[in-house]
Amino acid sequence: MRLLNVSRIIYVTMKTIQIVYGSNGGNTQLVCQYIAAHLEALGYSVNNDRCEHFPEDKLTGHDLLILACPTYEHGALEPNFLKSFWPRIQAIDLSQQACVVVGLGDIKYDIDYHIESARTLQTYVETHNGHLIHPSLMVSGQVLPLLDKLVKGWCDRLHLKLEAL
Ligand SMILES: Cc1cc2nc3c(=O)[nH]c(=O)nc-3n(C[C@H](O)[C@H](O)[C@H](O)COP(=O)(O)O)c2cc1C
């Protein structure tokens, strides 16, 4: 949060966070809803949107962009993310954009490509000149038991990183 003191009037501007996610079975949606609620409680202005109709020209211009996607079919991105969003974001320049990545997976489906979506999204950010400001959140297996520990802890550490920027 920034405080601007202009002619004795103090303006408070909240940092803005845009989350864009793909989800087929609802696990990633749940994780992103949790992240959005927790970061809002920490004082951020958060937009949390599904990827399918998200306009690619709104991908930049935020204090932080969070891209989230689960892994399907031996290491591929979630089918809707892959079909309706991925081709539209290939020409986007992220050079002014701070980013973090959230990947989901389950080792029982594929031991060799476990949470490969996180690596794919990291590579996307890096090859589009974006700035990964925090380690990726990797969520494996059942999501519900991980929300209050793994996901909350990741949000809290991300918050400390954003405060220091
Ligand atoms: C058909 C199918 C294929 C999957 N393939 C992988 C995979 O290759 N690697 C992996 O780590 N997880 C894999 N998973 C696990 C999903 O990524 C995991 O269940 C995730 O939480 C689903 O997220 P969603 O509910 O948001 O769609 C697969 C799941 C299904 C149903």
# chains A, B, ... in the order shown; residues from 1 in each chain; ligands from 1
>>> closest_atom_pairs(of="chain A", to="ligand 1", cutoff="6 Å", atoms="only C-alpha atoms and all ligand atoms", output="JSON lines")
{"residue": "A:Ser23", "atom": "CA", "partner": "ligand 1", "partner_atom_place_in_ligand_line": "26 (O)", "distance": 3.6}
{"residue": "A:Asn24", "atom": "CA", "partner": "ligand 1", "partner_atom_place_in_ligand_line": "27 (O)", "distance": 3.5}
{"residue": "A:Gly25", "atom": "CA", "partner": "ligand 1", "partner_atom_place_in_ligand_line": "25 (O)", "distance": 3.2}
{"residue": "A:Gly26", "atom": "CA", "partner": "ligand 1", "partner_atom_place_in_ligand_line": "25 (O)", "distance": 4.0}
{"residue": "A:Asn27", "atom": "CA", "partner": "ligand 1", "partner_atom_place_in_ligand_line": "25 (O)", "distance": 3.6}
{"residue": "A:Thr28", "atom": "CA", "partner": "ligand 1", "partner_atom_place_in_ligand_line": "26 (O)", "distance": 3.6}
{"residue": "A:Gln29", "atom": "CA", "partner": "ligand 1", "partner_atom_place_in_ligand_line": "26 (O)", "distance": 5.8}
{"residue": "A:Pro70", "atom": "CA", "partner": "ligand 1", "partner_atom_place_in_ligand_line": "17 (O)", "distance": 4.4}
{"residue": "A:Thr71", "atom": "CA", "partner": "ligand 1", "partner_atom_place_in_ligand_line": "17 (O)", "distance": 3.9}
{"residue": "A:Tyr72", "atom": "CA", "partner": "ligand 1", "partner_atom_place_in_ligand_line": "5 (N)", "distance": 3.5}
{"residue": "A:Glu73", "atom": "CA", "partner": "ligand 1", "partner_atom_place_in_ligand_line": "5 (N)", "distance": 4.4}
{"residue": "A:His74", "atom": "CA", "partner": "ligand 1", "partner_atom_place_in_ligand_line": "8 (O)", "distance": 3.4}
{"residue": "A:Gly75", "atom": "CA", "partner": "ligand 1", "partner_atom_place_in_ligand_line": "8 (O)", "distance": 4.1}
{"residue": "A:Leu104", "atom": "CA", "partner": "ligand 1", "partner_atom_place_in_ligand_line": "20 (C)", "distance": 5.1}
{"residue": "A:Gly105", "atom": "CA", "partner": "ligand 1", "partner_atom_place_in_ligand_line": "11 (O)", "distance": 3.3}
{"residue": "A:Asp106", "atom": "CA", "partner": "ligand 1", "partner_atom_place_in_ligand_line": "12 (N)", "distance": 4.0}
{"residue": "A:Ile107", "atom": "CA", "partner": "ligand 1", "partner_atom_place_in_ligand_line": "11 (O)", "distance": 5.3}
{"residue": "A:Tyr109", "atom": "CA", "partner": "ligand 1", "partner_atom_place_in_ligand_line": "6 (C)", "distance": 4.9}
{"residue": "A:Asp110", "atom": "CA", "partner": "ligand 1", "partner_atom_place_in_ligand_line": "8 (O)", "distance": 4.7}
{"residue": "A:Tyr113", "atom": "CA", "partner": "ligand 1", "partner_atom_place_in_ligand_line": "9 (N)", "distance": 4.9}
{"residue": "A:His114", "atom": "CA", "partner": "ligand 1", "partner_atom_place_in_ligand_line": "11 (O)", "distance": 3.3}
{"residue": "A:Ile115", "atom": "CA", "partner": "ligand 1", "partner_atom_place_in_ligand_line": "11 (O)", "distance": 3.9}
>>> write_last_selection(atoms="N, CA and C atoms", output="PDB file, in the first residue's frame")
ATOM      1  N   SER A  23      -9.229 -23.910 -15.231  1.00  0.00           N
ATOM      2  CA  SER A  23      -9.593 -24.990 -14.309  1.00  0.00           C
ATOM      3  C   SER A  23     -10.646 -25.861 -14.957  1.00  0.00           C
ATOM      4  N   ASN A  24     -10.407 -27.156 -14.975  1.00  0.00           N
ATOM      5  CA  ASN A  24     -11.364 -28.082 -15.561  1.00  0.00           C
ATOM      6  C   ASN A  24     -12.251 -28.692 -14.481  1.00  0.00           C
ATOM      7  N   GLY A  25     -11.636 -29.146 -13.398  1.00  0.00           N
ATOM      8  CA  GLY A  25     -12.396 -29.819 -12.345  1.00  0.00           C
ATOM      9  C   GLY A  25     -12.706 -28.958 -11.137  1.00  0.00           C
ATOM     10  N   GLY A  26     -12.191 -27.729 -11.102  1.00  0.00           N
ATOM     11  CA  GLY A  26     -12.526 -26.815 -10.009  1.00  0.00           C
ATOM     12  C   GLY A  26     -11.441 -26.631  -8.955  1.00  0.00           C
ATOM     13  N   ASN A  27     -10.385 -27.465  -8.981  1.00  0.00           N
ATOM     14  CA  ASN A  27      -9.339 -27.335  -7.957  1.00  0.00           C
ATOM     15  C   ASN A  27      -8.584 -26.005  -8.077  1.00  0.00           C
ATOM     16  N   THR A  28      -8.218 -25.650  -9.288  1.00  0.00           N
ATOM     17  CA  THR A  28      -7.466 -24.399  -9.485  1.00  0.00           C
ATOM     18  C   THR A  28      -8.351 -23.196  -9.167  1.00  0.00           C
ATOM     19  N   GLN A  29      -9.619 -23.322  -9.512  1.00  0.00           N
ATOM     20  CA  GLN A  29     -10.571 -22.258  -9.172  1.00  0.00           C
ATOM     21  C   GLN A  29     -10.603 -22.052  -7.648  1.00  0.00           C
ATOM     22  N   PRO A  70      -3.660 -25.951 -14.034  1.00  0.00           N
ATOM     23  CA  PRO A  70      -3.306 -27.332 -13.677  1.00  0.00           C
ATOM     24  C   PRO A  70      -2.700 -28.073 -14.872  1.00  0.00           C
ATOM     25  N   THR A  71      -2.179 -29.240 -14.587  1.00  0.00           N
ATOM     26  CA  THR A  71      -1.526 -30.079 -15.604  1.00  0.00           C
ATOM     27  C   THR A  71      -2.478 -31.190 -16.049  1.00  0.00           C
ATOM     28  N   TYR A  72      -2.514 -31.426 -17.345  1.00  0.00           N
ATOM     29  CA  TYR A  72      -3.332 -32.514 -17.900  1.00  0.00           C
ATOM     30  C   TYR A  72      -2.532 -33.261 -18.971  1.00  0.00           C
ATOM     31  N   GLU A  73      -2.964 -34.464 -19.267  1.00  0.00           N
ATOM     32  CA  GLU A  73      -2.471 -35.207 -20.448  1.00  0.00           C
ATOM     33  C   GLU A  73      -0.957 -35.222 -20.585  1.00  0.00           C
ATOM     34  N   HIS A  74      -0.281 -35.807 -19.609  1.00  0.00           N
ATOM     35  CA  HIS A  74       1.175 -35.980 -19.644  1.00  0.00           C
ATOM     36  C   HIS A  74       1.911 -34.642 -19.813  1.00  0.00           C
ATOM     37  N   GLY A  75       1.591 -33.719 -18.926  1.00  0.00           N
ATOM     38  CA  GLY A  75       2.383 -32.487 -18.873  1.00  0.00           C
ATOM     39  C   GLY A  75       1.818 -31.306 -19.629  1.00  0.00           C
ATOM     40  N   LEU A 104      -0.840 -26.747 -10.694  1.00  0.00           N
ATOM     41  CA  LEU A 104      -1.438 -27.866  -9.962  1.00  0.00           C
ATOM     42  C   LEU A 104      -1.172 -29.169 -10.699  1.00  0.00           C
ATOM     43  N   GLY A 105      -1.194 -30.263  -9.962  1.00  0.00           N
ATOM     44  CA  GLY A 105      -1.006 -31.566 -10.563  1.00  0.00           C
ATOM     45  C   GLY A 105      -1.222 -32.637  -9.531  1.00  0.00           C
ATOM     46  N   ASP A 106      -1.018 -33.861  -9.975  1.00  0.00           N
ATOM     47  CA  ASP A 106      -1.190 -34.995  -9.065  1.00  0.00           C
ATOM     48  C   ASP A 106      -0.267 -36.102  -9.550  1.00  0.00           C
ATOM     49  N   ILE A 107       0.582 -36.553  -8.650  1.00  0.00           N
ATOM     50  CA  ILE A 107       1.615 -37.517  -9.040  1.00  0.00           C
ATOM     51  C   ILE A 107       1.002 -38.836  -9.500  1.00  0.00           C
ATOM     52  N   TYR A 109      -1.274 -39.285 -11.579  1.00  0.00           N
ATOM     53  CA  TYR A 109      -1.576 -39.263 -13.015  1.00  0.00           C
ATOM     54  C   TYR A 109      -0.320 -39.383 -13.863  1.00  0.00           C
ATOM     55  N   ASP A 110       0.769 -38.750 -13.407  1.00  0.00           N
ATOM     56  CA  ASP A 110       1.980 -38.793 -14.222  1.00  0.00           C
ATOM     57  C   ASP A 110       3.189 -38.399 -13.379  1.00  0.00           C
ATOM     58  N   TYR A 113       5.725 -36.024 -15.431  1.00  0.00           N
ATOM     59  CA  TYR A 113       5.275 -34.657 -15.737  1.00  0.00           C
ATOM     60  C   TYR A 113       4.448 -34.081 -14.588  1.00  0.00           C
ATOM     61  N   HIS A 114       4.901 -34.372 -13.374  1.00  0.00           N
ATOM     62  CA  HIS A 114       4.186 -33.911 -12.185  1.00  0.00           C
ATOM     63  C   HIS A 114       4.237 -32.365 -12.110  1.00  0.00           C
ATOM     64  N   ILE A 115       3.076 -31.731 -12.104  1.00  0.00           N
ATOM     65  CA  ILE A 115       2.939 -30.251 -12.047  1.00  0.00           C
ATOM     66  C   ILE A 115       3.783 -29.576 -13.135  1.00  0.00           C
TER      67      ILE A 115
END
>>> select_by_dssp(residues="chain A", states="alpha helix (DSSP H)", output="ChimeraX atom specification")
/A:27-41,79-80,116-127,152-164
>>> write_last_selection(atoms="C-alpha atoms", output="compact mmCIF listing (two decimals), in the first residue's frame")
# COMPACT_ATOMS: atom_id res chain seq x y z
CA ASN A 27 -9.34 -27.33 -7.96
CA THR A 28 -7.47 -24.40 -9.48
CA GLN A 29 -10.57 -22.26 -9.17
CA LEU A 30 -10.67 -23.09 -5.46
CA VAL A 31 -6.99 -22.26 -4.99
CA CYS A 32 -7.36 -18.96 -6.86
CA GLN A 33 -10.45 -17.99 -4.87
CA TYR A 34 -8.49 -18.67 -1.68
CA ILE A 35 -5.49 -16.64 -2.91
CA ALA A 36 -7.76 -13.75 -3.95
CA ALA A 37 -9.59 -13.68 -0.60
CA HIS A 38 -6.38 -13.88 1.43
CA LEU A 39 -4.57 -11.20 -0.55
CA GLU A 40 -7.63 -8.94 -0.36
CA ALA A 41 -7.60 -9.39 3.42
CA PRO A 79 -7.43 -27.97 -22.20
CA ASN A 80 -9.48 -24.75 -22.06
CA GLU A 116 4.56 -29.59 -15.41
CA SER A 117 2.12 -26.68 -15.91
CA ALA A 118 4.12 -24.59 -13.41
CA ARG A 119 7.32 -25.07 -15.44
CA THR A 120 5.47 -24.27 -18.68
CA LEU A 121 4.06 -21.05 -17.22
CA GLN A 122 7.46 -20.06 -15.79
CA THR A 123 9.02 -20.53 -19.23
CA TYR A 124 6.21 -18.49 -20.77
CA VAL A 125 6.88 -15.58 -18.40
CA GLU A 126 10.65 -15.76 -18.92
CA THR A 127 10.47 -15.95 -22.70
CA LYS A 152 -1.80 -19.35 2.93
CA GLY A 153 1.92 -19.55 3.69
CA TRP A 154 2.76 -18.85 0.05
CA CYS A 155 0.44 -15.80 0.06
CA ASP A 156 2.02 -14.48 3.26
CA ARG A 157 5.55 -14.77 1.84
CA LEU A 158 4.39 -13.18 -1.42
CA HIS A 159 2.92 -10.31 0.60
CA LEU A 160 6.31 -9.70 2.29
CA LYS A 161 7.95 -9.68 -1.16
CA LEU A 162 5.40 -7.20 -2.53
CA GLU A 163 5.83 -4.93 0.50
CA ALA A 164 9.56 -4.80 -0.18
>>> select_by_dssp(residues="chain A", states="strand (DSSP E or B)", output="JSON, numbers by chain")
{"A": [2, 3, 4, 5, 6, 9, 10, 11, 12, 13, 16, 17, 18, 19, 20, 21, 45, 46, 47, 48, 49, 50, 64, 65, 66, 67, 68, 69, 70, 71, 72, 76, 77, 98, 99, 100, 101, 102, 103, 104, 105, 131, 132, 137, 138, 139, 140]}
>>> write_last_selection(atoms="N, CA and C atoms", output="compact mmCIF listing (two decimals), in the first residue's frame")
# COMPACT_ATOMS: atom_id res chain seq x y z
N ARG A 2 0.59 2.25 -0.86
CA ARG A 2 1.39 3.47 -0.92
C ARG A 2 0.61 4.63 -0.34
N LEU A 3 1.29 5.50 0.38
CA LEU A 3 0.65 6.71 0.90
C LEU A 3 1.19 7.90 0.15
N LEU A 4 0.32 8.68 -0.46
CA LEU A 4 0.75 9.88 -1.18
C LEU A 4 0.23 11.09 -0.43
N ASN A 5 1.13 11.95 0.04
CA ASN A 5 0.72 13.13 0.78
C ASN A 5 0.72 14.32 -0.18
N VAL A 6 -0.46 14.72 -0.63
CA VAL A 6 -0.56 15.81 -1.59
C VAL A 6 -1.39 16.92 -0.94
N ILE A 9 -3.70 16.36 1.92
CA ILE A 9 -4.68 15.27 1.75
C ILE A 9 -3.89 13.99 1.53
N ILE A 10 -4.21 12.97 2.30
CA ILE A 10 -3.48 11.70 2.14
C ILE A 10 -4.31 10.75 1.29
N TYR A 11 -3.74 10.36 0.13
CA TYR A 11 -4.41 9.39 -0.73
C TYR A 11 -3.79 8.02 -0.47
N VAL A 12 -4.61 7.02 -0.32
CA VAL A 12 -4.11 5.65 -0.14
C VAL A 12 -4.39 4.88 -1.42
N THR A 13 -3.34 4.36 -2.06
CA THR A 13 -3.55 3.57 -3.27
C THR A 13 -3.21 2.11 -2.97
N THR A 16 -2.54 -3.43 -7.05
CA THR A 16 -3.51 -4.23 -7.80
C THR A 16 -2.91 -5.57 -8.22
N ILE A 17 -3.71 -6.60 -8.09
CA ILE A 17 -3.29 -7.95 -8.49
C ILE A 17 -4.33 -8.53 -9.43
N GLN A 18 -3.86 -9.04 -10.57
CA GLN A 18 -4.74 -9.72 -11.52
C GLN A 18 -4.40 -11.21 -11.52
N ILE A 19 -5.40 -12.03 -11.23
CA ILE A 19 -5.23 -13.49 -11.34
C ILE A 19 -5.98 -13.96 -12.59
N VAL A 20 -5.33 -14.78 -13.42
CA VAL A 20 -6.01 -15.42 -14.55
C VAL A 20 -5.74 -16.92 -14.45
N TYR A 21 -6.81 -17.72 -14.46
CA TYR A 21 -6.62 -19.15 -14.25
C TYR A 21 -7.45 -19.99 -15.21
N SER A 45 -6.01 -4.94 -3.96
CA SER A 45 -7.17 -4.96 -4.83
C SER A 45 -6.97 -6.10 -5.84
N VAL A 46 -7.81 -7.13 -5.75
CA VAL A 46 -7.57 -8.35 -6.53
C VAL A 46 -8.71 -8.61 -7.51
N ASN A 47 -8.37 -8.84 -8.78
CA ASN A 47 -9.32 -9.36 -9.76
C ASN A 47 -8.96 -10.81 -10.02
N ASN A 48 -9.96 -11.67 -9.98
CA ASN A 48 -9.74 -13.10 -10.16
C ASN A 48 -10.63 -13.58 -11.31
N ASP A 49 -10.03 -13.92 -12.45
CA ASP A 49 -10.81 -14.23 -13.66
C ASP A 49 -10.42 -15.56 -14.28
N ARG A 50 -11.43 -16.25 -14.82
CA ARG A 50 -11.15 -17.42 -15.65
C ARG A 50 -10.48 -16.97 -16.94
N LEU A 64 0.90 -6.87 -9.90
CA LEU A 64 1.29 -8.28 -9.98
C LEU A 64 0.29 -9.04 -10.85
N LEU A 65 0.82 -9.91 -11.70
CA LEU A 65 -0.01 -10.84 -12.48
C LEU A 65 0.24 -12.26 -11.96
N ILE A 66 -0.84 -12.97 -11.62
CA ILE A 66 -0.73 -14.37 -11.21
C ILE A 66 -1.37 -15.23 -12.29
N LEU A 67 -0.57 -16.10 -12.91
CA LEU A 67 -1.08 -17.05 -13.90
C LEU A 67 -1.18 -18.42 -13.24
N ALA A 68 -2.36 -19.05 -13.34
CA ALA A 68 -2.57 -20.33 -12.66
C ALA A 68 -3.18 -21.34 -13.61
N CYS A 69 -2.62 -22.56 -13.59
CA CYS A 69 -3.13 -23.60 -14.49
C CYS A 69 -2.75 -24.99 -13.96
N PRO A 70 -3.66 -25.95 -14.03
CA PRO A 70 -3.31 -27.33 -13.68
C PRO A 70 -2.70 -28.07 -14.87
N THR A 71 -2.18 -29.24 -14.59
CA THR A 71 -1.53 -30.08 -15.60
C THR A 71 -2.48 -31.19 -16.05
N TYR A 72 -2.51 -31.43 -17.35
CA TYR A 72 -3.33 -32.51 -17.90
C TYR A 72 -2.53 -33.26 -18.97
N ALA A 76 0.64 -31.45 -20.22
CA ALA A 76 0.07 -30.32 -20.97
C ALA A 76 -0.68 -29.37 -20.03
N LEU A 77 -0.92 -28.17 -20.54
CA LEU A 77 -1.76 -27.23 -19.80
C LEU A 77 -3.22 -27.68 -19.89
N ALA A 98 5.41 -7.57 -13.26
CA ALA A 98 5.81 -8.53 -12.23
C ALA A 98 4.83 -9.70 -12.26
N CYS A 99 5.35 -10.91 -12.17
CA CYS A 99 4.50 -12.11 -12.34
C CYS A 99 4.84 -13.16 -11.27
N VAL A 100 3.85 -13.99 -10.97
CA VAL A 100 4.09 -15.26 -10.28
C VAL A 100 3.20 -16.32 -10.91
N VAL A 101 3.53 -17.56 -10.63
CA VAL A 101 2.89 -18.68 -11.31
C VAL A 101 2.36 -19.67 -10.28
N VAL A 102 1.19 -20.24 -10.59
CA VAL A 102 0.60 -21.28 -9.75
C VAL A 102 0.35 -22.51 -10.63
N GLY A 103 0.88 -23.65 -10.24
CA GLY A 103 0.66 -24.88 -10.99
C GLY A 103 0.04 -25.95 -10.11
N LEU A 104 -0.84 -26.75 -10.69
CA LEU A 104 -1.44 -27.87 -9.96
C LEU A 104 -1.17 -29.17 -10.70
N GLY A 105 -1.19 -30.26 -9.96
CA GLY A 105 -1.01 -31.57 -10.56
C GLY A 105 -1.22 -32.64 -9.53
N HIS A 131 8.89 -10.69 -15.25
CA HIS A 131 9.74 -10.77 -14.07
C HIS A 131 9.06 -11.67 -13.03
N LEU A 132 9.63 -12.85 -12.82
CA LEU A 132 9.11 -13.74 -11.78
C LEU A 132 9.65 -13.27 -10.45
N LEU A 137 3.91 -21.35 -6.79
CA LEU A 137 3.13 -22.20 -5.89
C LEU A 137 2.81 -23.49 -6.63
N MET A 138 3.22 -24.62 -6.06
CA MET A 138 2.97 -25.93 -6.67
C MET A 138 2.03 -26.70 -5.74
N VAL A 139 0.85 -27.03 -6.26
CA VAL A 139 -0.16 -27.70 -5.43
C VAL A 139 -0.37 -29.11 -5.98
N SER A 140 -0.09 -30.09 -5.15
CA SER A 140 -0.14 -31.48 -5.60
C SER A 140 -1.23 -32.27 -4.87
